[in-house]
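Here is the structure we will look at.
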Amino acid sequence: MKNIIEVENLVFEYPHEKGTYRAIDELNLNVKKGEFVAIIGHNGSGKSTLSKNLNAILVPTSGNIIINGMNTKNEEKLWDIRQAAGMVFQNPDNQIVATIVEEDVAFGCENLGIEPTEIRKKVDESLKNVDMYDFRERQPHLLSGGQKQRVAIAGIIAMRPECIIFDEATAMLDPSGRQEVMNTIKTLNRDYNITVLHITHFMEEAVEADRVIVMEKGQKVSEGTPKEVFSHVDELKAIGLDVPYMTELSKLLNNDGINVDKNILTVDEMVGELCRLK
Ligand code: ADP
Ligand code: MG
């Protein structure tokens with residue numbers, strides 16, 4: 001399978017009063033077409049700096065980033081890169097540009113110079129993909145947080161990206177909004193084969209990914225399936241991260257002599273284990 005994202009020895013340094021501050025320190029990372037990858041890491045570990053590099057908002061101090069075969073240092077490819085790898089940010093209010101939902105969704109396509117009839121089709125399809133078609137004539141500022149994020153996602157998918165990078169896109173939402181957005185992300189990945197890079201501090205969301213990457217101090221410190229990564233409870237806690245609630249619970253049960261599988265990630269798995277013991 002081809003790589004949509006290739007990060008080769010990425011170093012990114014911010015200018016600082018006394019010299020520079022290294023936010024990304026020799027990071028290597030590949031994401032294959034169709035993969036769903038989650039990135040977790042403590043505040044300040046460099047996740048947003050990485051995502052901005054992937055979208056060519058920032059360019060590497062050294063090393064290379066190749067998005068769908070295009071190097072982000074190639075300024076001529078800037079719009080192709082942003083079209084191939086769309087970004088959804090944390091705050092939905094900062095991403096709304098128009099006063100009507102469908103106009104907002106059309107905005108990116110208009111910038112790409114796509115024909116109006118074609119835009120109409122893409123906007124309608126995208127709104128249906130995120131289950132917001134019935135809201136197409138509403139005013140975005142009257143929607144819930146989860147609905148606003150889905151409108152933002154529709155604006156990205158209208159541009160037919162290979163890949164979408166979500167930088168803590170669920171962080172400001174209430175539990176139901178988070179669930180709506182997670183369901184949308186999973187559908188886009190599973191049914192439309194859109195590659196997903198999901199940066200999150202919710203471990204329950206990371207569990208849904210094919211692969212989890214753990215960042216710390218600008219480096220990748222761990223990587224694997226959710227089962228592999230979350231089996232290292234103590235290491236994760238040592239760098240200030242949580243494990244999924246059910247992993248935590250299985251550890252507590254084992255401490256009390258109830259021998260459930262220690263590698264449980266979800267409520268369903270916990271229920272299965274408890275039924276088995278009974
Ligand atoms: P995360 O998204 O994982 O919380 P960031 O990528 O935002 O981490 O930040 C990584 C490090 O870079 C932090 O120490 C942060 O203070 C620093 N940093 C982020 N943005 C800037 C900036 N614009 N100028 C200087 N330092 C920054
Ligand atoms: Mg961040």
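The chains in the structure tokens are called A, B, ... from first to last as shown; in each chain the residues are counted from 1, and the ligands are counted from 1 in the order shown.
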
Kindly provide the residues of chain A that approach ligand 2 to within 10 Å, each paired with its closest atom pair and their distance in Å to one decimal, based on only C-alpha atoms and all ligand atoms, listed by chain and increasing number, as JSON lines.
{"residue": "A:Gly41", "atom": "CA", "partner": "ligand 2", "partner_atom_place_in_ligand_line": "1 (Mg)", "distance": 9.2}
{"residue": "A:His42", "atom": "CA", "partner": "ligand 2", "partner_atom_place_in_ligand_line": "1 (Mg)", "distance": 9.0}
{"residue": "A:Asn43", "atom": "CA", "partner": "ligand 2", "partner_atom_place_in_ligand_line": "1 (Mg)", "distance": 6.7}
{"residue": "A:Gly44", "atom": "CA", "partner": "ligand 2", "partner_atom_place_in_ligand_line": "1 (Mg)", "distance": 7.0}
{"residue": "A:Ser45", "atom": "CA", "partner": "ligand 2", "partner_atom_place_in_ligand_line": "1 (Mg)", "distance": 8.2}
{"residue": "A:Gly46", "atom": "CA", "partner": "ligand 2", "partner_atom_place_in_ligand_line": "1 (Mg)", "distance": 7.0}
{"residue": "A:Lys47", "atom": "CA", "partner": "ligand 2", "partner_atom_place_in_ligand_line": "1 (Mg)", "distance": 5.4}
{"residue": "A:Ser48", "atom": "CA", "partner": "ligand 2", "partner_atom_place_in_ligand_line": "1 (Mg)", "distance": 4.1}
{"residue": "A:Thr49", "atom": "CA", "partner": "ligand 2", "partner_atom_place_in_ligand_line": "1 (Mg)", "distance": 7.3}
{"residue": "A:Leu50", "atom": "CA", "partner": "ligand 2", "partner_atom_place_in_ligand_line": "1 (Mg)", "distance": 9.1}
{"residue": "A:Ser51", "atom": "CA", "partner": "ligand 2", "partner_atom_place_in_ligand_line": "1 (Mg)", "distance": 8.6}
{"residue": "A:Lys52", "atom": "CA", "partner": "ligand 2", "partner_atom_place_in_ligand_line": "1 (Mg)", "distance": 9.8}
{"residue": "A:Phe89", "atom": "CA", "partner": "ligand 2", "partner_atom_place_in_ligand_line": "1 (Mg)", "distance": 9.3}
{"residue": "A:Gln90", "atom": "CA", "partner": "ligand 2", "partner_atom_place_in_ligand_line": "1 (Mg)", "distance": 8.4}
{"residue": "A:Asp167", "atom": "CA", "partner": "ligand 2", "partner_atom_place_in_ligand_line": "1 (Mg)", "distance": 6.6}
{"residue": "A:Glu168", "atom": "CA", "partner": "ligand 2", "partner_atom_place_in_ligand_line": "1 (Mg)", "distance": 6.9}
{"residue": "A:Ile199", "atom": "CA", "partner": "ligand 2", "partner_atom_place_in_ligand_line": "1 (Mg)", "distance": 8.1}
{"residue": "A:Thr200", "atom": "CA", "partner": "ligand 2", "partner_atom_place_in_ligand_line": "1 (Mg)", "distance": 8.8}
{"residue": "A:His201", "atom": "CA", "partner": "ligand 2", "partner_atom_place_in_ligand_line": "1 (Mg)", "distance": 9.6}

I'd like the contact shell of Lys2 (chain A) - 9 Å cut-off, only C-alpha atoms, skipping same-chain residues fewer than 4 positions apart - returned as a short mmCIF file (atom, residue, chain, number, x, y, z; two decimals) with N, CA, C and O atoms, in the first residue's frame.
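Okay, around-v3.cif is ready:
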data_model
loop_
_atom_site.label_atom_id
_atom_site.label_comp_id
_atom_site.auth_asym_id
_atom_site.auth_seq_id
_atom_site.Cartn_x
_atom_site.Cartn_y
_atom_site.Cartn_z
N VAL A 31 2.29 6.97 7.09
CA VAL A 31 0.89 6.57 7.18
C VAL A 31 0.47 6.06 5.81
O VAL A 31 0.64 6.74 4.80
N LYS A 32 -0.08 4.86 5.80
CA LYS A 32 -0.49 4.23 4.53
C LYS A 32 -1.89 4.64 4.13
O LYS A 32 -2.70 4.97 4.99
N LYS A 33 -2.16 4.59 2.85
CA LYS A 33 -3.50 4.91 2.36
C LYS A 33 -4.55 4.05 3.06
O LYS A 33 -4.38 2.83 3.17
N ASN A 68 1.41 12.52 -0.21
CA ASN A 68 0.96 12.00 -1.50
C ASN A 68 1.99 12.28 -2.60
O ASN A 68 1.66 12.72 -3.70
#

- Nearest to Thr72 (chain A), chosen from A:Val130, A:Asp104, A:Leu10, A:Glu35, with only C-alpha atoms counted in the distances: A:Leu10

- For Asn183 (chain A), the nearest of the candidates A:Gly69, A:Gly113, A:Pro161, A:Gly146, counting only C-alpha atoms: A:Gly146

- Every residue of region 64-227 of chain A that DSSP places in strand (DSSP E), as a PyMOL selection string: chain A and resi 64-67+70-71+85-88+163-167+195-199+211-216+219-224

Could those selected residues go to a file with N, CA, C and O atoms, as a CSV table (one decimal), in the first residue's frame?
chain,number,residue,atom,x,y,z
A,64,ASN,N,12.3,15.9,5.9
A,64,ASN,CA,11.3,16.1,4.8
A,64,ASN,C,9.9,15.6,5.2
A,64,ASN,O,9.9,14.6,5.9
A,65,ILE,N,8.9,16.2,4.6
A,65,ILE,CA,7.6,15.7,4.7
A,65,ILE,C,7.0,15.5,3.3
A,65,ILE,O,7.0,16.5,2.5
A,66,ILE,N,6.6,14.3,3.0
A,66,ILE,CA,6.1,14.0,1.7
A,66,ILE,C,4.6,13.7,1.8
A,66,ILE,O,4.3,12.7,2.5
A,67,ILE,N,3.7,14.5,1.3
A,67,ILE,CA,2.3,14.2,1.3
A,67,ILE,C,1.9,13.8,-0.1
A,67,ILE,O,1.9,14.5,-1.0
A,70,MET,N,4.3,14.6,-2.6
A,70,MET,CA,4.7,16.0,-2.8
A,70,MET,C,5.4,16.5,-1.5
A,70,MET,O,4.9,16.3,-0.4
A,71,ASN,N,6.6,17.1,-1.7
A,71,ASN,CA,7.4,17.6,-0.6
A,71,ASN,C,6.8,18.9,-0.2
A,71,ASN,O,6.6,19.8,-1.0
A,85,ALA,N,-4.4,16.8,1.9
A,85,ALA,CA,-4.4,16.5,3.4
A,85,ALA,C,-5.1,17.6,4.1
A,85,ALA,O,-4.5,18.7,4.4
A,86,GLY,N,-6.4,17.5,4.3
A,86,GLY,CA,-7.2,18.5,4.9
A,86,GLY,C,-7.0,18.5,6.4
A,86,GLY,O,-6.6,17.5,7.0
A,87,MET,N,-7.2,19.6,7.1
A,87,MET,CA,-7.1,19.7,8.5
A,87,MET,C,-8.4,20.1,9.2
A,87,MET,O,-9.0,21.1,8.7
A,88,VAL,N,-8.7,19.5,10.3
A,88,VAL,CA,-9.8,20.0,11.1
A,88,VAL,C,-9.2,20.3,12.5
A,88,VAL,O,-8.5,19.5,13.1
A,163,CYS,N,-6.6,12.4,2.7
A,163,CYS,CA,-6.3,12.2,4.1
A,163,CYS,C,-6.8,13.4,4.9
A,163,CYS,O,-6.9,14.5,4.4
A,164,ILE,N,-7.3,13.1,6.1
A,164,ILE,CA,-7.7,14.3,7.0
A,164,ILE,C,-7.0,14.1,8.3
A,164,ILE,O,-6.9,13.1,8.9
A,165,ILE,N,-6.4,15.3,8.7
A,165,ILE,CA,-5.7,15.3,10.0
A,165,ILE,C,-6.6,16.1,11.0
A,165,ILE,O,-7.0,17.2,10.7
A,166,PHE,N,-7.0,15.4,12.1
A,166,PHE,CA,-7.8,16.0,13.1
A,166,PHE,C,-6.9,16.4,14.3
A,166,PHE,O,-6.4,15.5,14.9
A,167,ASP,N,-6.8,17.7,14.5
A,167,ASP,CA,-5.9,18.1,15.6
A,167,ASP,C,-6.8,18.4,16.8
A,167,ASP,O,-7.2,19.5,17.0
A,195,THR,N,-7.9,8.4,4.6
A,195,THR,CA,-6.9,8.1,5.6
A,195,THR,C,-7.1,9.1,6.7
A,195,THR,O,-7.3,10.3,6.4
A,196,VAL,N,-7.0,8.6,7.9
A,196,VAL,CA,-7.2,9.5,9.1
A,196,VAL,C,-6.0,9.5,10.0
A,196,VAL,O,-5.5,8.5,10.4
A,197,LEU,N,-5.6,10.8,10.4
A,197,LEU,CA,-4.6,11.0,11.4
A,197,LEU,C,-5.3,11.7,12.5
A,197,LEU,O,-5.7,12.9,12.3
A,198,HIS,N,-5.6,11.1,13.6
A,198,HIS,CA,-6.5,11.7,14.7
A,198,HIS,C,-5.6,11.9,15.9
A,198,HIS,O,-5.3,11.0,16.6
A,199,ILE,N,-5.4,13.2,16.2
A,199,ILE,CA,-4.7,13.6,17.4
A,199,ILE,C,-5.7,13.8,18.5
A,199,ILE,O,-6.7,14.6,18.3
A,211,ARG,N,-3.7,2.0,14.5
A,211,ARG,CA,-2.4,2.1,15.0
A,211,ARG,C,-2.3,3.4,15.9
A,211,ARG,O,-3.0,4.4,15.6
A,212,VAL,N,-1.6,3.3,17.0
A,212,VAL,CA,-1.5,4.4,18.0
A,212,VAL,C,0.0,4.8,18.0
A,212,VAL,O,0.8,3.9,18.1
A,213,ILE,N,0.2,6.1,18.0
A,213,ILE,CA,1.6,6.6,18.1
A,213,ILE,C,1.6,7.5,19.4
A,213,ILE,O,0.7,8.3,19.5
A,214,VAL,N,2.6,7.3,20.2
A,214,VAL,CA,2.7,8.0,21.4
A,214,VAL,C,3.9,9.0,21.3
A,214,VAL,O,5.0,8.6,20.9
A,215,MET,N,3.6,10.3,21.5
A,215,MET,CA,4.7,11.3,21.4
A,215,MET,C,5.0,11.9,22.7
A,215,MET,O,4.2,12.0,23.6
A,216,GLU,N,6.3,12.2,22.9
A,216,GLU,CA,6.8,12.8,24.1
A,216,GLU,C,8.0,13.6,23.7
A,216,GLU,O,8.9,13.1,23.0
A,219,GLN,N,9.3,13.5,20.2
A,219,GLN,CA,9.8,12.3,19.6
A,219,GLN,C,8.7,11.2,19.7
A,219,GLN,O,7.8,11.4,20.5
A,220,LYS,N,8.8,10.2,18.9
A,220,LYS,CA,7.9,9.1,19.0
A,220,LYS,C,8.4,8.1,20.0
A,220,LYS,O,9.5,7.6,19.8
A,221,VAL,N,7.7,7.9,21.1
A,221,VAL,CA,8.3,7.0,22.1
A,221,VAL,C,7.6,5.6,22.1
A,221,VAL,O,8.2,4.7,22.7
A,222,SER,N,6.5,5.4,21.4
A,222,SER,CA,5.9,4.1,21.4
A,222,SER,C,4.9,4.1,20.2
A,222,SER,O,4.4,5.1,19.8
A,223,GLU,N,4.7,2.9,19.7
A,223,GLU,CA,3.9,2.8,18.5
A,223,GLU,C,3.4,1.3,18.3
A,223,GLU,O,4.1,0.4,18.6
A,224,GLY,N,2.1,1.1,18.0
A,224,GLY,CA,1.6,-0.2,17.8
A,224,GLY,C,0.1,-0.2,17.7
A,224,GLY,O,-0.5,0.9,17.6

Within 6 Å of Pro92 (chain A), counting only C-alpha atoms, which residues show up once you throw out same-chain ones fewer than 3 positions away? Write them as an mmCIF file with N, CA and C atoms, in the first residue's frame, please.
data_model
loop_
_atom_site.group_PDB
_atom_site.id
_atom_site.type_symbol
_atom_site.label_atom_id
_atom_site.label_comp_id
_atom_site.auth_asym_id
_atom_site.auth_seq_id
_atom_site.Cartn_x
_atom_site.Cartn_y
_atom_site.Cartn_z
ATOM 1 N N GLN A 95 -13.279 27.956 12.457
ATOM 2 C CA GLN A 95 -13.186 27.374 11.122
ATOM 3 C C GLN A 95 -14.353 27.761 10.245
ATOM 4 N N LYS A 148 -21.169 21.784 14.274
ATOM 5 C CA LYS A 148 -20.223 22.708 13.621
ATOM 6 C C LYS A 148 -18.997 21.955 13.121
ATOM 7 N N GLN A 149 -18.486 21.034 13.950
ATOM 8 C CA GLN A 149 -17.307 20.269 13.512
ATOM 9 C C GLN A 149 -17.646 19.410 12.301
#

What's the 8 Å shell around region 245-251 of chain A, counting only C-alpha atoms, without same-chain residues fewer than 6 positions away, as a compact mmCIF listing (two decimals) with N, CA, C and O atoms, in the first residue's frame?
# COMPACT_ATOMS: atom_id res chain seq x y z
N GLU A 204 -10.12 6.67 24.86
CA GLU A 204 -11.22 5.87 24.29
C GLU A 204 -11.32 6.08 22.77
O GLU A 204 -11.78 5.20 22.05
N PHE A 230 -1.45 0.18 24.75
CA PHE A 230 -2.09 0.36 26.06
C PHE A 230 -1.78 -0.77 27.04
O PHE A 230 -2.21 -0.73 28.19
N VAL A 260 -9.30 -11.04 35.21
CA VAL A 260 -9.74 -10.75 33.84
C VAL A 260 -8.49 -10.46 33.00
O VAL A 260 -7.43 -10.15 33.54
N ASP A 261 -8.63 -10.59 31.69
CA ASP A 261 -7.56 -10.24 30.76
C ASP A 261 -7.11 -8.80 31.05
O ASP A 261 -7.93 -7.89 31.14
N LYS A 262 -5.80 -8.59 31.22
CA LYS A 262 -5.32 -7.24 31.58
C LYS A 262 -5.31 -6.31 30.38
O LYS A 262 -5.12 -5.10 30.52
N ASN A 263 -5.50 -6.87 29.20
CA ASN A 263 -5.37 -6.09 27.98
C ASN A 263 -6.69 -5.62 27.41
O ASN A 263 -6.83 -5.42 26.21
N ILE A 264 -7.65 -5.42 28.28
CA ILE A 264 -8.98 -5.02 27.82
C ILE A 264 -9.00 -3.54 27.47
O ILE A 264 -8.41 -2.72 28.16
N LEU A 265 -9.68 -3.20 26.36
CA LEU A 265 -9.73 -1.80 25.94
C LEU A 265 -11.14 -1.20 25.98
O LEU A 265 -11.29 -0.01 26.19
N THR A 266 -12.15 -2.04 25.78
CA THR A 266 -13.50 -1.49 25.62
C THR A 266 -14.49 -2.12 26.61
O THR A 266 -14.23 -3.18 27.19
N VAL A 267 -15.62 -1.45 26.75
CA VAL A 267 -16.68 -1.94 27.63
C VAL A 267 -17.14 -3.33 27.16
O VAL A 267 -17.32 -4.24 27.98
N MET A 270 -14.84 -5.94 28.30
CA MET A 270 -14.95 -6.15 29.74
C MET A 270 -16.17 -7.01 30.06
O MET A 270 -16.10 -7.96 30.86

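Nearest to ligand 1 of all the residues A:Ala106, A:Leu29, A:Ala23, A:Ala154 is A:Ala23, based on only C-alpha atoms and all ligand atoms.
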
- Which one is closest to ligand 1: A:Ile185, A:Arg150, A:Phe135, A:Ala171? Count only C-alpha atoms and all ligand atoms.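 Of the candidates, the smallest distance to ligand 1 is held by A:Ala171.
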
- Please report, as a list in words, each residue of region 22-75 of chain A to which DSSP assigns alpha helix (DSSP H) when run on this structure's backbone. Lys47, Ser48, Thr49, Leu50, Ser51, Lys52, Asn53 and Leu54 of chain A

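With distances taken over only C-alpha atoms and all ligand atoms, A:Phe12 is the one residue among A:Phe202, A:Phe12, A:Tyr192, A:Trp79 lying closest to ligand 1.
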
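Across A:Gly257, A:Pro116, A:Pro140, A:Gly218, the tightest approach to ligand 1 is made by A:Gly218 when counting only C-alpha atoms and all ligand atoms.
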
- Task: Could you give me, as number ranges by chain, the residues within 12 Å of Glu110 (chain A), counting only C-alpha atoms and dropping anything in the same chain fewer than 2 positions from it?
- Result: A: 103-108, 112-120, 122-123, 155-156, 158-159

Could the residues in this selection be saved with N, CA and C atoms as a compact mmCIF listing (two decimals), in the first residue's frame?
# COMPACT_ATOMS: atom_id res chain seq x y z
N GLU A 103 -22.85 27.43 2.22
CA GLU A 103 -21.82 28.35 1.70
C GLU A 103 -20.49 28.09 2.38
N ASP A 104 -20.58 27.76 3.66
CA ASP A 104 -19.36 27.45 4.40
C ASP A 104 -18.68 26.21 3.83
N VAL A 105 -19.47 25.21 3.53
CA VAL A 105 -18.93 23.95 2.99
C VAL A 105 -18.34 24.17 1.59
N ALA A 106 -18.91 25.12 0.84
CA ALA A 106 -18.45 25.38 -0.53
C ALA A 106 -17.14 26.15 -0.58
N PHE A 107 -16.79 26.81 0.53
CA PHE A 107 -15.68 27.77 0.52
C PHE A 107 -14.37 27.20 -0.01
N GLY A 108 -13.97 26.05 0.49
CA GLY A 108 -12.70 25.45 0.05
C GLY A 108 -12.70 25.12 -1.43
N LEU A 112 -10.46 26.45 -4.74
CA LEU A 112 -9.76 25.58 -5.68
C LEU A 112 -10.17 25.87 -7.13
N GLY A 113 -11.15 26.78 -7.28
CA GLY A 113 -11.58 27.16 -8.62
C GLY A 113 -12.43 26.10 -9.32
N ILE A 114 -13.15 25.31 -8.54
CA ILE A 114 -14.02 24.28 -9.12
C ILE A 114 -15.29 24.95 -9.67
N GLU A 115 -15.85 24.42 -10.74
CA GLU A 115 -17.06 24.98 -11.36
C GLU A 115 -18.26 24.96 -10.43
N PRO A 116 -19.10 26.00 -10.47
CA PRO A 116 -20.25 26.10 -9.56
C PRO A 116 -21.18 24.88 -9.57
N THR A 117 -21.50 24.32 -10.74
CA THR A 117 -22.42 23.16 -10.73
C THR A 117 -21.77 21.96 -10.05
N GLU A 118 -20.48 21.81 -10.27
CA GLU A 118 -19.71 20.73 -9.65
C GLU A 118 -19.66 20.94 -8.12
N ILE A 119 -19.45 22.20 -7.72
CA ILE A 119 -19.41 22.53 -6.28
C ILE A 119 -20.73 22.15 -5.62
N ARG A 120 -21.84 22.55 -6.28
CA ARG A 120 -23.17 22.23 -5.75
C ARG A 120 -23.29 20.73 -5.43
N LYS A 122 -20.81 18.49 -5.00
CA LYS A 122 -19.87 18.08 -3.94
C LYS A 122 -20.36 18.51 -2.56
N VAL A 123 -20.93 19.72 -2.49
CA VAL A 123 -21.41 20.24 -1.21
C VAL A 123 -22.56 19.37 -0.70
N GLY A 155 -16.72 20.56 4.70
CA GLY A 155 -15.95 21.50 3.86
C GLY A 155 -14.65 20.89 3.37
N ILE A 156 -14.06 20.05 4.21
CA ILE A 156 -12.81 19.37 3.83
C ILE A 156 -13.10 18.25 2.83
N ALA A 158 -15.47 17.85 0.80
CA ALA A 158 -15.92 18.35 -0.51
C ALA A 158 -14.73 18.50 -1.46
N MET A 159 -13.56 18.71 -0.91
CA MET A 159 -12.34 18.88 -1.74
C MET A 159 -11.69 17.54 -2.07
